[in-house]
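entry-v3.cif follows (mmCIF, C-alpha atoms (C1' of nucleotides)):
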```cif
data_target
loop_
_atom_site.label_atom_id
_atom_site.label_comp_id
_atom_site.auth_asym_id
_atom_site.auth_seq_id
_atom_site.Cartn_x
_atom_site.Cartn_y
_atom_site.Cartn_z
CA MET J 22 27.91 -0.53 -24.51
CA GLU J 23 26.45 2.80 -25.61
CA LYS J 24 27.59 5.44 -23.11
CA LYS J 25 27.41 9.19 -22.73
CA PRO J 26 25.27 9.78 -25.78
CA TYR J 27 25.43 13.48 -24.99
CA HIS J 28 27.18 16.20 -23.11
CA HIS J 29 25.35 16.13 -19.82
CA GLY J 30 25.74 12.48 -19.10
CA ASP J 31 24.01 9.19 -19.64
CA LEU J 32 20.61 10.46 -18.58
CA ARG J 33 18.45 8.00 -20.45
CA ASN J 34 20.05 4.99 -18.78
CA LYS J 35 20.39 6.73 -15.46
CA LEU J 36 16.65 7.42 -15.44
CA ILE J 37 15.92 3.77 -16.00
CA GLU J 38 18.37 2.52 -13.39
CA ARG J 39 17.61 5.05 -10.66
CA GLY J 40 13.94 4.65 -11.50
CA ILE J 41 14.12 0.95 -10.75
CA GLU J 42 16.05 1.71 -7.57
CA MET J 43 13.36 4.14 -6.55
CA LEU J 44 10.80 1.47 -7.24
CA SER J 45 12.51 -1.06 -4.99
CA GLU J 46 12.68 1.46 -2.18
CA GLU J 47 9.37 3.26 -2.36
CA GLY J 48 7.09 1.07 -4.43
CA ALA J 49 5.25 1.67 -7.69
CA GLN J 50 2.67 3.75 -5.87
CA ASP J 51 4.97 6.55 -4.75
CA PHE J 52 6.99 6.66 -7.94
CA SER J 53 7.10 10.08 -9.53
CA LEU J 54 8.81 11.57 -12.55
CA ARG J 55 9.78 14.74 -10.73
CA LYS J 56 11.34 12.98 -7.77
CA LEU J 57 13.27 10.76 -10.17
CA ALA J 58 14.50 13.75 -12.16
CA ALA J 59 15.65 15.41 -8.94
CA LYS J 60 17.43 12.25 -7.88
CA CYS J 61 19.25 12.30 -11.20
CA GLY J 62 20.18 15.94 -10.71
CA VAL J 63 18.23 17.33 -13.64
CA SER J 64 15.18 19.54 -13.99
CA HIS J 65 11.74 17.97 -13.86
CA THR J 66 11.17 18.14 -17.59
CA ALA J 67 14.56 16.86 -18.69
CA PRO J 68 13.23 13.29 -19.00
CA TYR J 69 10.98 14.47 -21.81
CA SER J 70 14.00 14.62 -24.08
CA HIS J 71 14.25 10.84 -23.77
CA PHE J 72 10.73 9.66 -23.07
CA GLU J 73 7.58 11.21 -24.40
CA SER J 74 5.61 10.40 -21.26
CA VAL J 75 5.98 8.80 -17.88
CA ASP J 76 4.28 5.70 -19.24
CA LYS J 77 6.95 5.27 -21.89
CA LEU J 78 9.57 5.57 -19.16
CA ARG J 79 7.81 2.90 -17.16
CA GLN J 80 7.72 0.75 -20.26
CA ALA J 81 11.49 1.11 -20.70
CA MET J 82 12.01 0.30 -17.04
CA GLY J 83 9.74 -2.69 -17.50
CA GLU J 84 11.83 -3.94 -20.39
CA HIS J 85 14.93 -3.58 -18.26
CA VAL J 86 13.41 -5.59 -15.43
CA ALA J 87 12.06 -8.11 -17.91
CA HIS J 88 15.61 -8.55 -19.14
CA GLN J 89 16.89 -9.28 -15.64
CA PHE J 90 13.98 -11.66 -15.22
CA MET J 91 14.89 -13.46 -18.43
CA GLU J 92 18.52 -13.79 -17.34
CA LYS J 93 17.37 -15.45 -14.15
CA LEU J 94 15.03 -17.81 -16.00
CA ARG J 95 17.65 -18.74 -18.57
CA GLY J 96 20.25 -19.37 -15.89
CA SER J 97 17.90 -21.61 -13.97
CA VAL J 98 17.55 -24.22 -16.71
CA GLN J 99 21.24 -24.18 -17.59
CA HIS J 100 22.12 -27.32 -15.66
CA ALA J 101 18.79 -29.11 -15.65
CA GLU J 102 19.13 -32.85 -16.18
CA ASP J 103 15.98 -33.33 -18.21
CA SER J 104 13.02 -31.35 -19.47
CA THR J 105 10.97 -32.03 -16.36
CA ALA J 106 13.73 -30.76 -14.09
CA ALA J 107 13.99 -27.72 -16.35
CA VAL J 108 10.35 -26.84 -15.83
CA THR J 109 10.70 -27.34 -12.10
CA SER J 110 13.68 -25.04 -11.70
CA LEU J 111 12.15 -22.56 -14.11
CA GLY J 112 9.09 -22.35 -11.89
CA LYS J 113 11.24 -21.94 -8.79
CA ALA J 114 13.28 -19.22 -10.47
CA TYR J 115 10.09 -17.41 -11.47
CA ILE J 116 8.93 -17.49 -7.88
CA SER J 117 12.23 -16.59 -6.26
CA PHE J 118 12.75 -13.64 -8.59
CA PHE J 119 9.67 -11.96 -7.23
CA SER J 120 10.37 -13.23 -3.76
CA GLU J 121 13.63 -11.26 -3.86
CA ASN J 122 12.02 -8.20 -5.45
CA PRO J 123 8.36 -8.18 -4.43
CA LEU J 124 7.72 -4.74 -5.86
CA TYR J 125 8.75 -5.85 -9.34
CA PHE J 126 5.65 -7.97 -9.70
CA GLN J 127 3.12 -5.16 -9.61
CA PHE J 128 5.39 -3.09 -11.77
CA LEU J 129 6.12 -5.72 -14.40
CA PHE J 130 2.56 -6.91 -14.86
CA TYR J 131 0.64 -3.70 -14.38
CA HIS J 132 2.84 -0.75 -15.28
CA SER J 133 5.32 -1.89 -17.85
CA GLY J 134 3.05 -2.44 -20.85
CA LEU J 135 4.28 -6.00 -21.19
CA SER J 136 2.08 -8.28 -23.28
CA ILE J 137 1.55 -12.02 -23.43
CA ASP J 138 -0.39 -13.67 -26.21
CA PHE J 139 -1.42 -17.26 -25.60
CA ASP J 140 -3.09 -17.45 -29.00
CA GLU J 141 -0.13 -16.38 -31.09
CA LYS J 142 1.75 -19.35 -32.53
CA THR J 143 5.07 -17.58 -32.93
CA GLN J 144 5.97 -15.20 -30.15
CA SER J 145 8.65 -13.04 -31.73
CA ASP J 146 9.74 -11.06 -28.71
CA TYR J 147 12.50 -11.90 -26.30
CA GLN J 148 10.01 -12.48 -23.54
CA PRO J 149 9.78 -14.56 -20.39
CA PHE J 150 6.59 -16.18 -21.53
CA THR J 151 8.04 -17.49 -24.79
CA PHE J 152 10.86 -19.09 -22.86
CA PHE J 153 8.50 -20.62 -20.32
CA LYS J 154 6.40 -21.98 -23.17
CA GLU J 155 9.31 -23.57 -25.02
CA THR J 156 10.59 -25.19 -21.85
CA ALA J 157 7.18 -26.54 -20.93
CA TYR J 158 6.48 -27.86 -24.43
CA ARG J 159 9.78 -29.73 -24.36
CA MET J 160 8.60 -31.46 -21.21
CA PHE J 161 5.21 -32.20 -22.74
CA ASP J 162 7.02 -33.83 -25.66
CA ALA J 163 9.09 -35.97 -23.32
CA LEU J 164 6.00 -37.01 -21.39
CA GLY J 165 4.15 -37.83 -24.58
CA LEU J 166 1.18 -35.64 -23.88
CA PRO J 167 -1.45 -35.35 -26.59
CA LYS J 168 -0.76 -32.26 -28.67
CA GLU J 169 -4.23 -30.86 -28.11
CA ASP J 170 -3.53 -30.70 -24.37
CA TYR J 171 -0.39 -28.60 -24.70
CA LEU J 172 -1.90 -25.16 -24.53
CA ASN J 173 -4.27 -25.94 -21.71
CA ASN J 174 -1.54 -27.48 -19.61
CA LEU J 175 0.84 -24.66 -20.36
CA ILE J 176 -1.67 -22.18 -19.08
CA ALA J 177 -2.39 -24.33 -16.04
CA LEU J 178 1.27 -24.48 -15.14
CA TRP J 179 1.85 -20.80 -15.80
CA SER J 180 -1.25 -19.87 -13.81
CA MET J 181 -0.07 -21.81 -10.81
CA VAL J 182 3.40 -20.31 -10.84
CA HIS J 183 2.05 -16.85 -11.58
CA GLY J 184 -0.59 -17.19 -8.88
CA ILE J 185 2.03 -18.08 -6.30
CA ALA J 186 4.09 -15.06 -7.35
CA SER J 187 1.00 -12.89 -7.22
CA LEU J 188 0.11 -13.99 -3.71
CA LEU J 189 3.59 -13.88 -2.23
CA THR J 190 4.15 -10.34 -3.49
CA ASN J 191 0.83 -9.15 -2.14
CA LYS J 192 1.32 -7.11 1.00
CA GLY J 193 -2.04 -8.26 2.33
CA VAL J 194 -1.10 -11.93 2.18
CA ARG J 195 0.87 -13.53 4.99
CA TYR J 196 2.39 -17.01 4.84
CA SER J 197 5.44 -18.03 6.82
CA GLY J 198 6.03 -21.21 4.82
CA ASP J 199 8.14 -21.60 1.72
CA TRP J 200 6.29 -20.42 -1.37
CA SER J 201 8.64 -22.18 -3.74
CA GLU J 202 7.58 -25.52 -2.28
CA VAL J 203 3.92 -24.99 -3.05
CA LEU J 204 4.52 -25.96 -6.65
CA SER J 205 6.49 -29.08 -5.69
CA ASN J 206 4.56 -30.38 -2.75
CA ASN J 207 0.97 -30.27 -3.87
CA THR J 208 -0.67 -33.65 -4.17
CA ILE J 209 -4.23 -32.67 -4.78
CA PHE J 210 -4.08 -32.32 -8.54
CA ALA J 211 -2.71 -35.83 -8.82
CA ARG J 212 -5.52 -37.19 -6.63
CA ARG J 213 -8.62 -35.86 -8.23
CA LYS J 214 -10.30 -37.50 -11.18
CA GLU J 215 -11.97 -34.37 -12.42
CA PHE J 216 -12.41 -30.85 -11.19
CA MET E 30 -30.69 -0.80 6.83
CA GLU E 31 -29.18 2.45 8.07
CA LYS E 32 -30.38 5.20 5.75
CA LYS E 33 -30.10 8.97 5.50
CA PRO E 34 -27.94 9.42 8.55
CA TYR E 35 -27.95 13.16 7.96
CA HIS E 36 -29.63 16.07 6.31
CA HIS E 37 -27.89 16.19 2.94
CA GLY E 38 -28.43 12.59 2.04
CA ASP E 39 -26.77 9.22 2.23
CA LEU E 40 -23.38 10.45 1.18
CA ARG E 41 -21.25 7.76 2.77
CA ASN E 42 -23.01 4.95 0.92
CA LYS E 43 -23.38 6.97 -2.24
CA LEU E 44 -19.64 7.52 -2.35
CA ILE E 45 -19.01 3.81 -2.08
CA GLU E 46 -21.58 2.85 -4.70
CA ARG E 47 -20.79 5.55 -7.25
CA GLY E 48 -17.13 4.95 -6.57
CA ILE E 49 -17.45 1.32 -7.59
CA GLU E 50 -19.45 2.39 -10.64
CA MET E 51 -16.70 4.82 -11.56
CA LEU E 52 -14.21 2.02 -11.16
CA SER E 53 -16.06 -0.28 -13.53
CA GLU E 54 -16.24 2.44 -16.12
CA GLU E 55 -12.86 4.13 -15.92
CA GLY E 56 -10.59 1.73 -14.07
CA ALA E 57 -8.63 2.03 -10.86
CA GLN E 58 -6.02 4.16 -12.57
CA ASP E 59 -8.28 7.08 -13.42
CA PHE E 60 -10.21 7.01 -10.19
CA SER E 61 -10.18 10.31 -8.33
CA LEU E 62 -11.75 11.61 -5.16
CA ARG E 63 -12.65 14.95 -6.70
CA LYS E 64 -14.36 13.45 -9.73
CA LEU E 65 -16.28 11.13 -7.47
CA ALA E 66 -17.35 14.00 -5.21
CA ALA E 67 -18.52 15.93 -8.27
CA LYS E 68 -20.45 12.89 -9.48
CA CYS E 69 -22.17 12.79 -6.11
CA GLY E 70 -22.99 16.49 -6.29
CA VAL E 71 -20.92 17.60 -3.31
CA SER E 72 -17.77 19.66 -2.89
CA HIS E 73 -14.45 17.94 -3.25
CA THR E 74 -13.73 17.84 0.47
CA ALA E 75 -17.12 16.60 1.58
CA PRO E 76 -15.92 12.98 1.55
CA TYR E 77 -13.54 13.86 4.37
CA SER E 78 -16.47 13.92 6.74
CA HIS E 79 -16.86 10.19 6.16
CA PHE E 80 -13.40 8.95 5.23
CA GLU E 81 -10.15 10.30 6.57
CA SER E 82 -8.33 9.68 3.32
CA VAL E 83 -8.84 8.34 -0.17
CA ASP E 84 -7.22 5.08 0.91
CA LYS E 85 -9.83 4.56 3.59
CA LEU E 86 -12.52 5.16 0.99
CA ARG E 87 -10.92 2.58 -1.27
CA GLN E 88 -10.83 0.22 1.67
CA ALA E 89 -14.55 0.66 2.26
CA MET E 90 -15.20 0.14 -1.44
CA GLY E 91 -13.04 -2.96 -1.26
CA GLU E 92 -15.12 -4.33 1.58
CA HIS E 93 -18.24 -3.72 -0.45
CA VAL E 94 -16.85 -5.56 -3.46
CA ALA E 95 -15.57 -8.31 -1.18
CA HIS E 96 -19.12 -8.69 0.06
CA GLN E 97 -20.47 -9.11 -3.46
CA PHE E 98 -17.66 -11.55 -4.11
CA MET E 99 -18.61 -13.56 -1.04
CA GLU E 100 -22.24 -13.67 -2.13
CA LYS E 101 -21.17 -15.14 -5.44
CA LEU E 102 -18.91 -17.71 -3.80
CA ARG E 103 -21.56 -18.73 -1.27
CA GLY E 104 -24.17 -19.07 -3.99
CA SER E 105 -21.91 -21.23 -6.09
CA VAL E 106 -21.67 -24.06 -3.56
CA GLN E 107 -25.34 -23.94 -2.65
CA HIS E 108 -26.35 -26.88 -4.79
CA ALA E 109 -23.09 -28.80 -4.95
CA GLU E 110 -23.57 -32.56 -4.70
CA ASP E 111 -20.43 -33.31 -2.76
CA SER E 112 -17.40 -31.53 -1.37
CA THR E 113 -15.37 -32.04 -4.53
CA ALA E 114 -18.10 -30.52 -6.67
CA ALA E 115 -18.23 -27.65 -4.20
CA VAL E 116 -14.56 -26.86 -4.68
CA THR E 117 -14.94 -27.06 -8.44
CA SER E 118 -17.84 -24.66 -8.63
CA LEU E 119 -16.21 -22.41 -6.07
CA GLY E 120 -13.15 -22.12 -8.29
CA LYS E 121 -15.29 -21.43 -11.33
CA ALA E 122 -17.23 -18.78 -9.43
CA TYR E 123 -13.98 -17.15 -8.32
CA ILE E 124 -12.82 -16.99 -11.92
CA SER E 125 -16.09 -15.88 -13.43
CA PHE E 126 -16.51 -13.10 -10.89
CA PHE E 127 -13.38 -11.42 -12.14
CA SER E 128 -14.16 -12.41 -15.70
CA GLU E 129 -17.35 -10.39 -15.41
CA ASN E 130 -15.64 -7.49 -13.61
CA PRO E 131 -12.00 -7.51 -14.67
CA LEU E 132 -11.26 -4.19 -12.98
CA TYR E 133 -12.29 -5.54 -9.60
CA PHE E 134 -9.25 -7.76 -9.42
CA GLN E 135 -6.65 -5.01 -9.30
CA PHE E 136 -8.84 -3.06 -6.96
CA LEU E 137 -9.64 -5.86 -4.56
CA PHE E 138 -6.12 -7.21 -4.20
CA TYR E 139 -4.11 -4.03 -4.44
CA HIS E 140 -6.20 -1.12 -3.26
CA SER E 141 -8.70 -2.41 -0.77
CA GLY E 142 -6.44 -3.22 2.14
CA LEU E 143 -7.81 -6.74 2.21
CA SER E 144 -5.68 -9.22 4.13
CA ILE E 145 -5.26 -12.98 4.00
CA ASP E 146 -3.38 -14.89 6.64
CA PHE E 147 -2.46 -18.45 5.73
CA ASP E 148 -0.80 -18.95 9.10
CA GLU E 149 -3.73 -17.95 11.28
CA LYS E 150 -5.69 -20.95 12.51
CA THR E 151 -8.95 -19.13 13.04
CA GLN E 152 -9.78 -16.50 10.46
CA SER E 153 -12.37 -14.39 12.16
CA ASP E 154 -13.47 -12.16 9.32
CA TYR E 155 -16.27 -12.73 6.89
CA GLN E 156 -13.77 -13.15 4.10
CA PRO E 157 -13.54 -14.98 0.80
CA PHE E 158 -10.41 -16.78 1.83
CA THR E 159 -11.91 -18.29 4.96
CA PHE E 160 -14.77 -19.64 2.92
CA PHE E 161 -12.47 -21.05 0.27
CA LYS E 162 -10.42 -22.70 2.99
CA GLU E 163 -13.38 -24.32 4.71
CA THR E 164 -14.72 -25.65 1.45
CA ALA E 165 -11.36 -27.02 0.39
CA TYR E 166 -10.72 -28.66 3.77
CA ARG E 167 -14.08 -30.39 3.59
CA MET E 168 -12.96 -31.91 0.30
CA PHE E 169 -9.60 -32.91 1.75
CA ASP E 170 -11.44 -34.68 4.55
CA ALA E 171 -13.59 -36.55 2.05
CA LEU E 172 -10.55 -37.56 0.03
CA GLY E 173 -8.72 -38.69 3.16
CA LEU E 174 -5.67 -36.53 2.62
CA PRO E 175 -3.01 -36.55 5.34
CA LYS E 176 -3.61 -33.61 7.66
CA GLU E 177 -0.09 -32.28 7.18
CA ASP E 178 -0.79 -31.82 3.46
CA TYR E 179 -3.87 -29.66 3.96
CA LEU E 180 -2.24 -26.25 4.05
CA ASN E 181 0.10 -26.88 1.17
CA ASN E 182 -2.69 -28.18 -1.03
CA LEU E 183 -4.97 -25.34 -0.05
CA ILE E 184 -2.37 -22.85 -1.16
CA ALA E 185 -1.72 -24.80 -4.35
CA LEU E 186 -5.41 -24.74 -5.23
CA TRP E 187 -5.86 -21.11 -4.31
CA SER E 188 -2.71 -20.13 -6.23
CA MET E 189 -3.97 -21.82 -9.38
CA VAL E 190 -7.38 -20.20 -9.21
CA HIS E 191 -5.92 -16.87 -8.21
CA GLY E 192 -3.30 -17.07 -10.95
CA ILE E 193 -5.95 -17.68 -13.58
CA ALA E 194 -7.90 -14.70 -12.29
CA SER E 195 -4.76 -12.60 -12.26
CA LEU E 196 -3.90 -13.47 -15.85
CA LEU E 197 -7.38 -13.13 -17.28
CA THR E 198 -7.84 -9.69 -15.77
CA ASN E 199 -4.47 -8.48 -17.04
CA LYS E 200 -4.89 -6.21 -20.02
CA GLY E 201 -1.56 -7.35 -21.44
CA VAL E 202 -2.62 -11.00 -21.56
CA ARG E 203 -4.61 -12.31 -24.47
CA TYR E 204 -6.23 -15.74 -24.61
CA SER E 205 -9.30 -16.51 -26.65
CA GLY E 206 -10.01 -19.81 -24.89
CA ASP E 207 -12.14 -20.37 -21.83
CA TRP E 208 -10.27 -19.48 -18.67
CA SER E 209 -12.67 -21.34 -16.44
CA GLU E 210 -11.72 -24.60 -18.15
CA VAL E 211 -8.05 -24.25 -17.34
CA LEU E 212 -8.68 -25.47 -13.83
CA SER E 213 -10.76 -28.43 -15.00
CA ASN E 214 -8.88 -29.58 -18.06
CA ASN E 215 -5.29 -29.67 -16.95
CA THR E 216 -3.75 -33.13 -16.94
CA ILE E 217 -0.16 -32.30 -16.25
CA PHE E 218 -0.34 -32.24 -12.47
CA ALA E 219 -1.81 -35.71 -12.43
CA ARG E 220 0.95 -36.99 -14.70
CA ARG E 221 4.10 -35.88 -12.99
CA LYS E 222 5.71 -37.80 -10.18
CA GLU E 223 7.45 -34.83 -8.70
CA PHE E 224 8.01 -31.25 -9.67
"C1'" DA D 16 -39.16 26.57 22.85
"C1'" DC D 17 -34.70 27.95 23.11
"C1'" DT D 18 -29.89 26.99 23.20
"C1'" DA D 19 -25.96 24.65 22.64
"C1'" DC D 20 -23.49 21.04 20.22
"C1'" DA D 21 -21.73 18.04 16.98
"C1'" DA D 22 -22.03 16.19 12.50
"C1'" DT D 23 -21.96 17.51 7.84
"C1'" DC D 24 -20.75 20.29 4.04
"C1'" DT D 25 -18.32 24.52 1.56
"C1'" DT D 26 -14.65 27.66 0.63
"C1'" DT D 27 -10.08 28.62 0.27
"C1'" DA D 28 -5.37 27.46 0.09
"C1'" DC D 29 -1.21 24.61 -0.60
"C1'" DA D 30 2.17 21.21 -2.23
"C1'" DT D 31 2.77 17.78 -5.64
"C1'" DC D 32 1.93 15.70 -9.89
"C1'" DG D 33 2.34 15.10 -15.34
"C1'" DT D 34 2.79 17.82 -19.28
"C1'" DC D 35 3.39 21.73 -22.56
"C1'" DA D 36 5.70 25.86 -24.63
"C1'" DA D 37 9.53 28.76 -25.05
"C1'" DG D 38 14.14 29.58 -24.64
"C1'" DA D 39 19.02 28.52 -23.21
"C1'" DT D 40 23.19 25.48 -23.71
"C1'" DT D 41 26.38 22.83 -26.25
"C1'" DG D 42 28.58 19.08 -29.01
"C1'" DG D 43 29.07 17.63 -33.70
"C1'" DT D 44 29.12 18.78 -38.52
"C1'" DA D 45 29.27 21.30 -42.88
"C1'" DT R 4 33.54 29.39 -38.00
"C1'" DA R 5 28.73 29.07 -38.29
"C1'" DC R 6 24.93 26.40 -38.04
"C1'" DC R 7 21.96 22.73 -36.34
"C1'" DA R 8 19.80 19.55 -33.60
"C1'" DA R 9 19.84 17.20 -29.38
"C1'" DT R 10 19.63 18.18 -24.64
"C1'" DC R 11 18.40 20.63 -20.65
"C1'" DT R 12 16.05 24.70 -17.89
"C1'" DT R 13 12.45 27.91 -16.69
"C1'" DG R 14 7.85 28.95 -16.14
"C1'" DA R 15 3.13 27.91 -16.47
"C1'" DC R 16 -1.22 25.11 -16.56
"C1'" DG R 17 -4.81 22.08 -14.80
"C1'" DA R 18 -5.65 18.13 -11.85
"C1'" DT R 19 -4.88 15.82 -7.65
"C1'" DG R 20 -5.04 14.78 -2.31
"C1'" DT R 21 -5.52 17.10 1.87
"C1'" DA R 22 -5.44 20.60 5.75
"C1'" DA R 23 -7.71 24.73 8.00
"C1'" DA R 24 -11.43 27.63 8.80
"C1'" DG R 25 -16.05 28.69 8.59
"C1'" DA R 26 -21.02 27.90 7.31
"C1'" DT R 27 -25.26 24.95 7.76
"C1'" DT R 28 -28.43 22.13 10.17
"C1'" DG R 29 -30.47 18.15 12.61
"C1'" DT R 30 -30.68 16.64 17.45
"C1'" DA R 31 -30.26 16.67 22.53
"C1'" DG R 32 -30.58 19.02 26.97
"C1'" DT R 33 -32.58 22.38 29.61
#
```
What do you get writing this file as structure tokens?
Amino acid sequence: MEKKPYHHGDLRNKLIERGIEMLSEEGAQDFSLRKLAAKCGVSHTAPYSHFESVDKLRQAMGEHVAHQFMEKLRGSVQHAEDSTAAVTSLGKAYISFFSENPLYFQFLFYHSGLSIDFDEKTQSDYQPFTFFKETAYRMFDALGLPKEDYLNNLIALWSMVHGIASLLTNKGVRYSGDWSEVLSNNTIFARRKEF
Amino acid sequence: MEKKPYHHGDLRNKLIERGIEMLSEEGAQDFSLRKLAAKCGVSHTAPYSHFESVDKLRQAMGEHVAHQFMEKLRGSVQHAEDSTAAVTSLGKAYISFFSENPLYFQFLFYHSGLSIDFDEKTQSDYQPFTFFKETAYRMFDALGLPKEDYLNNLIALWSMVHGIASLLTNKGVRYSGDWSEVLSNNTIFARRKEF
DNA sequence: ACTACAATCTTTACATCGTCAAGATTGGTA
DNA sequence: TACCAATCTTGACGATGTAAAGATTGTAGT
């Protein structure tokens, strides 16, 4: 859409895109403003014309990644037969997104300034969590769950999916099995009367 | 046990302890070797006599925190009536540990060099995961689960607990409810036939 | 008791980092 | 055409992790 806002090129967008590239290659740890500026062929302070600090840049990069994430989540429920199937494929999409880009997890949840508010009734932002919530609540409706259990079950579901993503993207954790089946194949929660 | 290994004091241990203090106060982001050295009253390169790099220091700090973590987990199952109660209070201890020290989560799982191997049959180290596994398997025995479901259910349980800890320690996530009840009060996993 | 040695700590130096201030470049606009 | 404001560069600052060289000092060997 908006291109070449100025004479030296599309720096703002290039910073975001090459920044995310850099992230995928080197990790959030080794990311640096100066290296990124060099990779974009500009001086080390040029980014300050577009972002007031490196944190604001990270935030913009985070929003970009969050957008990709959302696209994946949205696409995953496109052809779901019912609301339960929608939640299932949503969870799998959540997990496979980070499985494909392990470095995005750390970045998205710890460096992007993203926020999730479980208390807020109306989540205004175009955010992954809102979408997850709506999809889950539709399933809860279909299952006829008591309304007062909605929030707790939403968080339980989200925690499980998020926990799987957190573990599979952790370099210190090794598991040769299929992470996306953890959600499907567990039987223990159905067995126990109370934890 | 081993104290004052040399003439200027117990620097190695002091670095670890004050380092963890610093962490609790300022967060893993603002941690710095030089500030820590200053806080210990030594020059900024003195730590290099005990740790070859800042990452090795973090690793040692991680092991120290992991030890505290283990103490908490061990204590939590001390008076459990049966194996199911043990798993429940273990999960709650896991969650409340990070609830009390939110900054430890990031540190322990991303900066300490800790490793968890779900594939390994015999986990040799004195590690939280091994303990969690043994406790969970004891419950699976009591419940008469099929052996081939053990690993998958272990990971499902761990993911849920870990996911809750991950969310509650995330500064971008707000939830005024009680995180430690998420594990207990969910009903959705018991309801669904298959995800 | 004296001498070496090795562990510990200090000083100095360097490259890299994020950021700030001042000035140069340049496209659009009046 | 002249100005302006957005964009980019140059140079500098303090903070960071770390390498190299030298000083200090407890301990071991004679």
- Query: Once you count all atoms listed in the file, which residues of chain D turn out to be within 9 Å of chain E? Could you give them as a PyMOL selection string?
  - Reply: chain D and resi 22-25
Atom pair atom CA of E:Leu212 + atom CA of J:Leu178, distance 10.1 Å
Over all C-alpha atoms paired in order - RMSD of chain J on chain E =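 Overlaying the two chains on their C-alpha atoms yields 0.2 Å.
Residues lying within 8 Å of J:Ala49, counting only C-alpha atoms (C1' of nucleotides) and ignoring same-chain neighbours fewer than 5 positions away, are Leu44, Leu124, Gln127 and Phe128 of chain J.
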Next, the residues of the selection above should be written as an mmCIF file, in the coordinates of the input with C-alpha atoms.
```cif
data_model
loop_
_atom_site.group_PDB
_atom_site.id
_atom_site.type_symbol
_atom_site.label_atom_id
_atom_site.label_comp_id
_atom_site.auth_asym_id
_atom_site.auth_seq_id
_atom_site.Cartn_x
_atom_site.Cartn_y
_atom_site.Cartn_z
ATOM 1 C CA LEU J 44 10.800 1.470 -7.240
ATOM 2 C CA LEU J 124 7.720 -4.740 -5.860
ATOM 3 C CA GLN J 127 3.120 -5.160 -9.610
ATOM 4 C CA PHE J 128 5.390 -3.090 -11.770
#
```
query = Can you list, as a list of chain:residue names, every protein, DNA or RNA residue that comes within 12 Å of R:DT4 when you count all atoms listed in the file, leaving out same-chain residues fewer than 2 positions away?
reply =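 Near R:DT4, the qualifying residues are D:DT44, D:DA45, R:DC6.
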To test the calculation: enclose all listed atoms of stretch 20-33 of chain D in a box whose edges run along x, y and z, add 3 Å on each side, then state centre and edge lengths in Å to one decimal, as JSON.
```
{"center_x": -10.4, "center_y": 21.9, "center_z": 2.4, "size_x": 32.3, "size_y": 19.5, "size_z": 41.6}
```
One number please: atom CA of E:Asn42 to atom CA of E:Tyr123, in Å, one decimal.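 A separation of 25.6 Å between them.
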query: Could you work out how far atom CA of J:Lys60 lies from atom CA of J:Met82, giving the answer in Å with one decimal?
result: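 Taking atom CA of J:Met82 as the start and atom CA of J:Lys60 as the end point, the length is 16.0 Å.
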### Task
May I have the residues within 10 Å of J:Ser197 as a list in words, using all atoms listed in the file and disregarding those fewer than 5 positions away in the same chain?
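The residues that qualify are Asp146, Phe147 and Asp148 of chain E.
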Keeping C-alpha atoms for every residue in the selection just given, could you write it to a file as a PDB file, in the frame of the given file?
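Generated file (selection.pdb):
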```
ATOM      1  CA  ASP E 146      -3.380 -14.890   6.640  1.00  0.00           C
ATOM      2  CA  PHE E 147      -2.460 -18.450   5.730  1.00  0.00           C
ATOM      3  CA  ASP E 148      -0.800 -18.950   9.100  1.00  0.00           C
TER       4      ASP E 148
END
```
Reference answer for the PyMOL selection byres ((chain R and resi 30) around 9), as a ChimeraX atom specification: /D:20 /R:29,31
Can you give me, as a PDB file with C-alpha atoms, in the frame of the given file, the residues this file yields under the PyMOL selection byres ((chain E and resi 169) around 10)?
```
ATOM      1  CA  ILE J 209      -4.230 -32.670  -4.780  1.00  0.00           C
TER       2      ILE J 209
ATOM      3  CA  SER E 112     -17.400 -31.530  -1.370  1.00  0.00           C
ATOM      4  CA  THR E 113     -15.370 -32.040  -4.530  1.00  0.00           C
ATOM      5  CA  GLU E 163     -13.380 -24.320   4.710  1.00  0.00           C
ATOM      6  CA  THR E 164     -14.720 -25.650   1.450  1.00  0.00           C
ATOM      7  CA  ALA E 165     -11.360 -27.020   0.390  1.00  0.00           C
ATOM      8  CA  TYR E 166     -10.720 -28.660   3.770  1.00  0.00           C
ATOM      9  CA  ARG E 167     -14.080 -30.390   3.590  1.00  0.00           C
ATOM     10  CA  MET E 168     -12.960 -31.910   0.300  1.00  0.00           C
ATOM     11  CA  ASP E 170     -11.440 -34.680   4.550  1.00  0.00           C
ATOM     12  CA  ALA E 171     -13.590 -36.550   2.050  1.00  0.00           C
ATOM     13  CA  LEU E 172     -10.550 -37.560   0.030  1.00  0.00           C
ATOM     14  CA  GLY E 173      -8.720 -38.690   3.160  1.00  0.00           C
ATOM     15  CA  LEU E 174      -5.670 -36.530   2.620  1.00  0.00           C
ATOM     16  CA  PRO E 175      -3.010 -36.550   5.340  1.00  0.00           C
ATOM     17  CA  LYS E 176      -3.610 -33.610   7.660  1.00  0.00           C
ATOM     18  CA  ASP E 178      -0.790 -31.820   3.460  1.00  0.00           C
ATOM     19  CA  TYR E 179      -3.870 -29.660   3.960  1.00  0.00           C
ATOM     20  CA  ASN E 182      -2.690 -28.180  -1.030  1.00  0.00           C
ATOM     21  CA  LEU E 183      -4.970 -25.340  -0.050  1.00  0.00           C
TER      22      LEU E 183
END
```
